[in-house]
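Asks: PDB, C-alpha atoms, file input39.pdb:
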ATOM      1  CA  MET A   1     -50.003  -0.527  -1.594
ATOM      2  CA  LEU A   2     -48.942   1.124   1.655
ATOM      3  CA  THR A   3     -47.795  -2.205   3.085
ATOM      4  CA  ILE A   4     -45.677  -2.842  -0.005
ATOM      5  CA  MET A   5     -44.069   0.575   0.342
ATOM      6  CA  LEU A   6     -43.404  -0.040   4.026
ATOM      7  CA  GLU A   7     -41.929  -3.428   3.232
ATOM      8  CA  ARG A   8     -39.704  -1.817   0.579
ATOM      9  CA  LEU A   9     -38.585   0.858   3.045
ATOM     10  CA  GLU A  10     -37.800  -1.790   5.635
ATOM     11  CA  GLU A  11     -35.899  -3.764   3.006
ATOM     12  CA  ILE A  12     -33.912  -0.662   2.023
ATOM     13  CA  ARG A  13     -33.139   0.093   5.683
ATOM     14  CA  GLU A  14     -31.902  -3.463   6.230
ATOM     15  CA  ASN A  15     -29.778  -3.244   3.087
ATOM     16  CA  ILE A  16     -28.253   0.018   4.285
ATOM     17  CA  PHE A  17     -27.402  -1.495   7.678
ATOM     18  CA  ARG A  18     -25.892  -4.574   6.038
ATOM     19  CA  TYR A  19     -23.902  -2.317   3.719
ATOM     20  CA  LEU A  20     -22.578  -0.250   6.653
ATOM     21  CA  GLU A  21     -21.656  -3.389   8.597
ATOM     22  CA  ALA A  22     -19.870  -4.771   5.550
ATOM     23  CA  ARG A  23     -17.983  -1.487   5.067
ATOM     24  CA  ILE A  24     -16.861  -1.456   8.709
ATOM     25  CA  GLU A  25     -15.721  -5.061   8.488
ATOM     26  CA  LEU A  26     -13.943  -4.373   5.191
ATOM     27  CA  PHE A  27     -12.190  -1.369   6.735
ATOM     28  CA  ALA A  28     -11.032  -3.490   9.685
ATOM     29  CA  LEU A  29      -9.766  -6.229   7.381
ATOM     30  CA  GLU A  30      -7.973  -3.742   5.120
ATOM     31  CA  THR A  31      -6.366  -2.069   8.125
ATOM     32  CA  ARG A  32      -5.232  -5.394   9.549
ATOM     33  CA  GLY A  33      -3.866  -6.426   6.154
ATOM     34  CA  LYS A  34      -1.949  -3.176   5.749
ATOM     35  CA  LEU A  35      -0.519  -3.469   9.251
ATOM     36  CA  GLU A  36       0.573  -7.060   8.651
ATOM     37  CA  GLU A  37       2.101  -6.111   5.308
ATOM     38  CA  GLY A  38       3.942  -3.203   6.935
ATOM     39  CA  VAL A  39       5.384  -5.430   9.656
ATOM     40  CA  VAL A  40       6.463  -8.085   7.157
ATOM     41  CA  VAL A  41       8.074  -5.513   4.856
ATOM     42  CA  GLY A  42       9.753  -3.812   7.832
ATOM     43  CA  VAL A  43      11.229  -7.034   9.228
ATOM     44  CA  HIS A  44      12.346  -8.107   5.758
ATOM     45  CA  GLY A  45      13.973  -4.710   5.199
ATOM     46  CA  ILE A  46      15.781  -4.798   8.540
ATOM     47  CA  VAL A  47      17.141  -8.307   7.921
ATOM     48  CA  LEU A  48      18.156  -7.377   4.373
ATOM     49  CA  ALA A  49      19.878  -4.197   5.581
ATOM     50  CA  LEU A  50      21.728  -6.137   8.297
ATOM     51  CA  LEU A  51      22.925  -8.802   5.853
ATOM     52  CA  GLY A  52      23.883  -6.178   3.290
ATOM     53  CA  THR A  53      25.830  -4.198   5.886
ATOM     54  CA  MET A  54      27.688  -7.267   7.098
ATOM     55  CA  THR A  55      28.514  -8.297   3.533
ATOM     56  CA  THR A  56      29.742  -4.807   2.697
ATOM     57  CA  ILE A  57      31.951  -4.699   5.797
ATOM     58  CA  PHE A  58      33.555  -8.036   4.932
ATOM     59  CA  VAL A  59      34.029  -7.127   1.267
ATOM     60  CA  PHE A  60      35.741  -3.849   2.156
ATOM     61  CA  SER A  61      37.837  -5.606   4.834
ATOM     62  CA  LEU A  62      38.989  -8.072   2.179
ATOM     63  CA  LEU A  63      39.697  -5.191  -0.203
ATOM     64  CA  ALA A  64      41.751  -3.466   2.489
ATOM     65  CA  ALA A  65      43.685  -6.689   3.174
ATOM     66  CA  TYR A  66      44.331  -7.111  -0.562
ATOM     67  CA  LEU A  67      45.524  -3.506  -0.842
ATOM     68  CA  ASN A  68      47.801  -4.175   2.147
ATOM     69  CA  GLU A  69      49.362  -7.040   0.180
ATOM     70  CA  LEU A  70      49.745  -4.889  -2.943
ATOM     71  CA  THR A  71      51.346  -1.978  -1.085
ATOM     72  CA  GLU A  72      53.361  -4.326   1.161
ATOM     73  CA  SER A  73      52.121  -2.430   4.189
ATOM     74  CA  ARG A  74      50.135  -3.452   7.232
ATOM     75  CA  TYR A  75      47.885  -0.377   7.275
ATOM     76  CA  MET A  76      47.939   1.326   3.851
ATOM     77  CA  GLY A  77      45.037  -0.734   2.479
ATOM     78  CA  PHE A  78      42.860   0.163   5.433
ATOM     79  CA  LEU A  79      43.872   3.808   5.048
ATOM     80  CA  ILE A  80      42.907   3.761   1.345
ATOM     81  CA  VAL A  81      39.500   2.192   2.107
ATOM     82  CA  ALA A  82      38.896   4.661   4.951
ATOM     83  CA  GLY A  83      39.859   7.531   2.629
ATOM     84  CA  PHE A  84      37.345   6.262   0.055
ATOM     85  CA  PHE A  85      34.556   6.302   2.634
ATOM     86  CA  LEU A  86      35.653   9.722   3.870
ATOM     87  CA  LEU A  87      35.450  10.999   0.281
ATOM     88  CA  LEU A  88      31.952   9.507  -0.082
ATOM     89  CA  THR A  89      30.909  11.215   3.164
ATOM     90  CA  VAL A  90      32.223  14.600   1.993
ATOM     91  CA  ILE A  91      30.435  14.220  -1.363
ATOM     92  CA  TRP A  92      27.203  13.263   0.419
ATOM     93  CA  LEU A  93      27.446  16.282   2.733
ATOM     94  CA  ALA A  94      28.367  18.679  -0.082
ATOM     95  CA  GLY A  95      25.494  17.487  -2.284
ATOM     96  CA  LYS A  96      22.981  17.396   0.571
ATOM     97  CA  ASP A  97      20.358  19.509  -1.216
ATOM     98  CA  PHE A  98      20.788  17.613  -4.488
ATOM     99  CA  PHE A  99      20.402  14.232  -2.790
ATOM    100  CA  LYS A 100      17.441  15.442  -0.731
ATOM    101  CA  SER A 101      15.630  16.624  -3.864
ATOM    102  CA  LYS A 102      16.312  13.335  -5.676
ATOM    103  CA  ILE A 103      15.075  11.304  -2.704
ATOM    104  CA  ARG A 104      12.003  13.550  -2.425
ATOM    105  CA  VAL A 105      11.191  13.070  -6.131
ATOM    106  CA  LEU A 106      11.547   9.289  -5.849
ATOM    107  CA  ALA A 107       9.404   9.137  -2.712
ATOM    108  CA  TYR A 108       6.740  11.411  -4.237
ATOM    109  CA  SER A 109       6.499   9.329  -7.398
ATOM    110  CA  ALA A 110       6.217   6.100  -5.378
ATOM    111  CA  ILE A 111       3.481   7.572  -3.153
ATOM    112  CA  LYS A 112       1.628   9.006  -6.164
ATOM    113  CA  LYS A 113       1.725   5.651  -7.956
ATOM    114  CA  SER A 114       0.409   3.901  -4.836
ATOM    115  CA  GLN A 115      -2.418   6.426  -4.423
ATOM    116  CA  GLU A 116      -3.403   6.168  -8.091
ATOM    117  CA  LYS A 117      -3.599   2.388  -7.733
ATOM    118  CA  LYS A 118      -5.803   2.727  -4.630
ATOM    119  CA  VAL A 119      -8.093   5.221  -6.401
ATOM    120  CA  GLU A 120      -8.448   2.833  -9.340
ATOM    121  CA  GLU A 121      -9.255  -0.078  -7.015
ATOM    122  CA  LYS A 122     -11.866   1.981  -5.158
ATOM    123  CA  SER A 123     -13.375   3.161  -8.438
ATOM    124  CA  ASN A 124     -13.658  -0.420  -9.643
ATOM    125  CA  ALA A 125     -15.245  -1.460  -6.339
ATOM    126  CA  VAL A 126     -17.780   1.384  -6.545
ATOM    127  CA  GLN A 127     -18.635   0.481 -10.156
ATOM    128  CA  GLU A 128     -19.127  -3.149  -9.153
ATOM    129  CA  LEU A 129     -21.306  -2.148  -6.195
ATOM    130  CA  MET A 130     -23.395   0.127  -8.431
ATOM    131  CA  ALA A 131     -23.870  -2.696 -10.926
ATOM    132  CA  GLN A 132     -24.979  -5.042  -8.142
ATOM    133  CA  THR A 133     -27.377  -2.418  -6.806
ATOM    134  CA  ARG A 134     -28.864  -1.833 -10.258
ATOM    135  CA  ALA A 135     -29.289  -5.571 -10.731
ATOM    136  CA  SER A 136     -30.976  -5.827  -7.330
ATOM    137  CA  ILE A 137     -33.284  -2.929  -8.143
ATOM    138  CA  ASP A 138     -34.107  -4.420 -11.526
ATOM    139  CA  GLN A 139     -34.943  -7.751  -9.897
ATOM    140  CA  THR A 140     -37.238  -6.188  -7.289
ATOM    141  CA  GLY A 141     -38.747  -3.912  -9.934
ATOM    142  CA  SER A 142     -39.573  -6.872 -12.134
ATOM    143  CA  TYR A 143     -41.127  -8.583  -9.110
ATOM    144  CA  THR A 144     -43.478  -5.665  -8.417
ATOM    145  CA  GLN A 145     -44.339  -5.423 -12.110
ATOM    146  CA  GLN A 146     -45.174  -9.116 -12.270
ATOM    147  CA  ASN A 147     -47.266  -8.915  -9.093
ATOM    148  CA  PRO A 148     -48.991  -5.526  -9.169
ATOM    149  CA  PRO A 149     -50.919  -4.561  -6.057
ATOM    150  CA  SER A 150     -54.571  -5.395  -6.128
ATOM    151  CA  PRO A 151     -56.919  -2.473  -6.665
ATOM    152  CA  ARG A 152     -58.434  -1.144  -3.488
ATOM    153  CA  THR A 153     -62.113  -1.327  -2.930
ATOM    154  CA  TYR A 154     -63.633   0.994  -0.427
TER
END
What do you get writing this file as structure tokens?
Replies:
Amino acid sequence: MLTIMLERLEEIRENIFRYLEARIELFALETRGKLEEGVVVGVHGIVLALLGTMTTIFVFSLLAAYLNELTESRYMGFLIVAGFFLLLTVIWLAGKDFFKSKIRVLAYSAIKKSQEKKVEEKSNAVQELMAQTRASIDQTGSYTQQNPPSPRTY
């Protein structure tokens, strides 16, 4: 009986060490995956921002050239486009607090949604691990019930 208990304790210890090793490896893989995803998203965002900026510059240059043709002036179209961007800048500066609060709300909701998804994934992983542990315990319990220790004779 004592040897069976010692074997069970050794088995539990080995399972705990395997579990800890698996958790460390999982953490390393998750960290690497998040880092890779961050780099990919960052590079994609930079390229997209660059292309969008270039496109916007050319579109507004064409608009300025078209306005030059309409006003029959060499510079009036560019002045109108520059005035539009100056007006946007003044509006952005005047509504600084409003825009900050809107950006903060959007960022908070995105972060909250991401955290809720992570919590749900972790909860599902814990439930799955608990189910596997119960199944393992049930299997070893049925083994000891099928093969009870022999009675001791002194």
Asks: How far is it from CA of Val59 (chain A) to CA of Leu106 (chain A), in Å with one decimal?
Replies: 28.7 Å
Asks: Separation of CA of Lys34 (chain A) and CA of Lys118 (chain A), in Å?
Replies: 12.5 Å
Asks: Enumerate, as a ChimeraX atom specification, the residues matched when the PyMOL selection byres ((chain A and resi 76-92) around 10) is run on the file above.
Replies: /A:60-75,93-99
Asks: State, in Å with one decimal place, the distance from CA of Ala110 (chain A) to CA of Arg23 (chain A).
Replies: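 So the two atoms, CA of Ala110 (chain A) and CA of Arg23 (chain A), lie 27.4 Å apart.
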Asks: Write out as JSON an axis-aligned box for region 19-31 of chain A: all of its atoms listed in the file, 6 Å added on each side, centre and edge lengths in Å with one decimal.
Replies:
{"center_x": -15.1, "center_y": -3.2, "center_z": 6.7, "size_x": 29.5, "size_y": 18.0, "size_z": 18.0}
Asks: Write out as a PyMOL selection string each polymer residue whose atoms come within 12 Å of Asn15 (chain A), counting only C-alpha atoms; drop sequence neighbours fewer than 5 positions from it.
Replies: chain A and resi 8-10+20-22+133+136-137
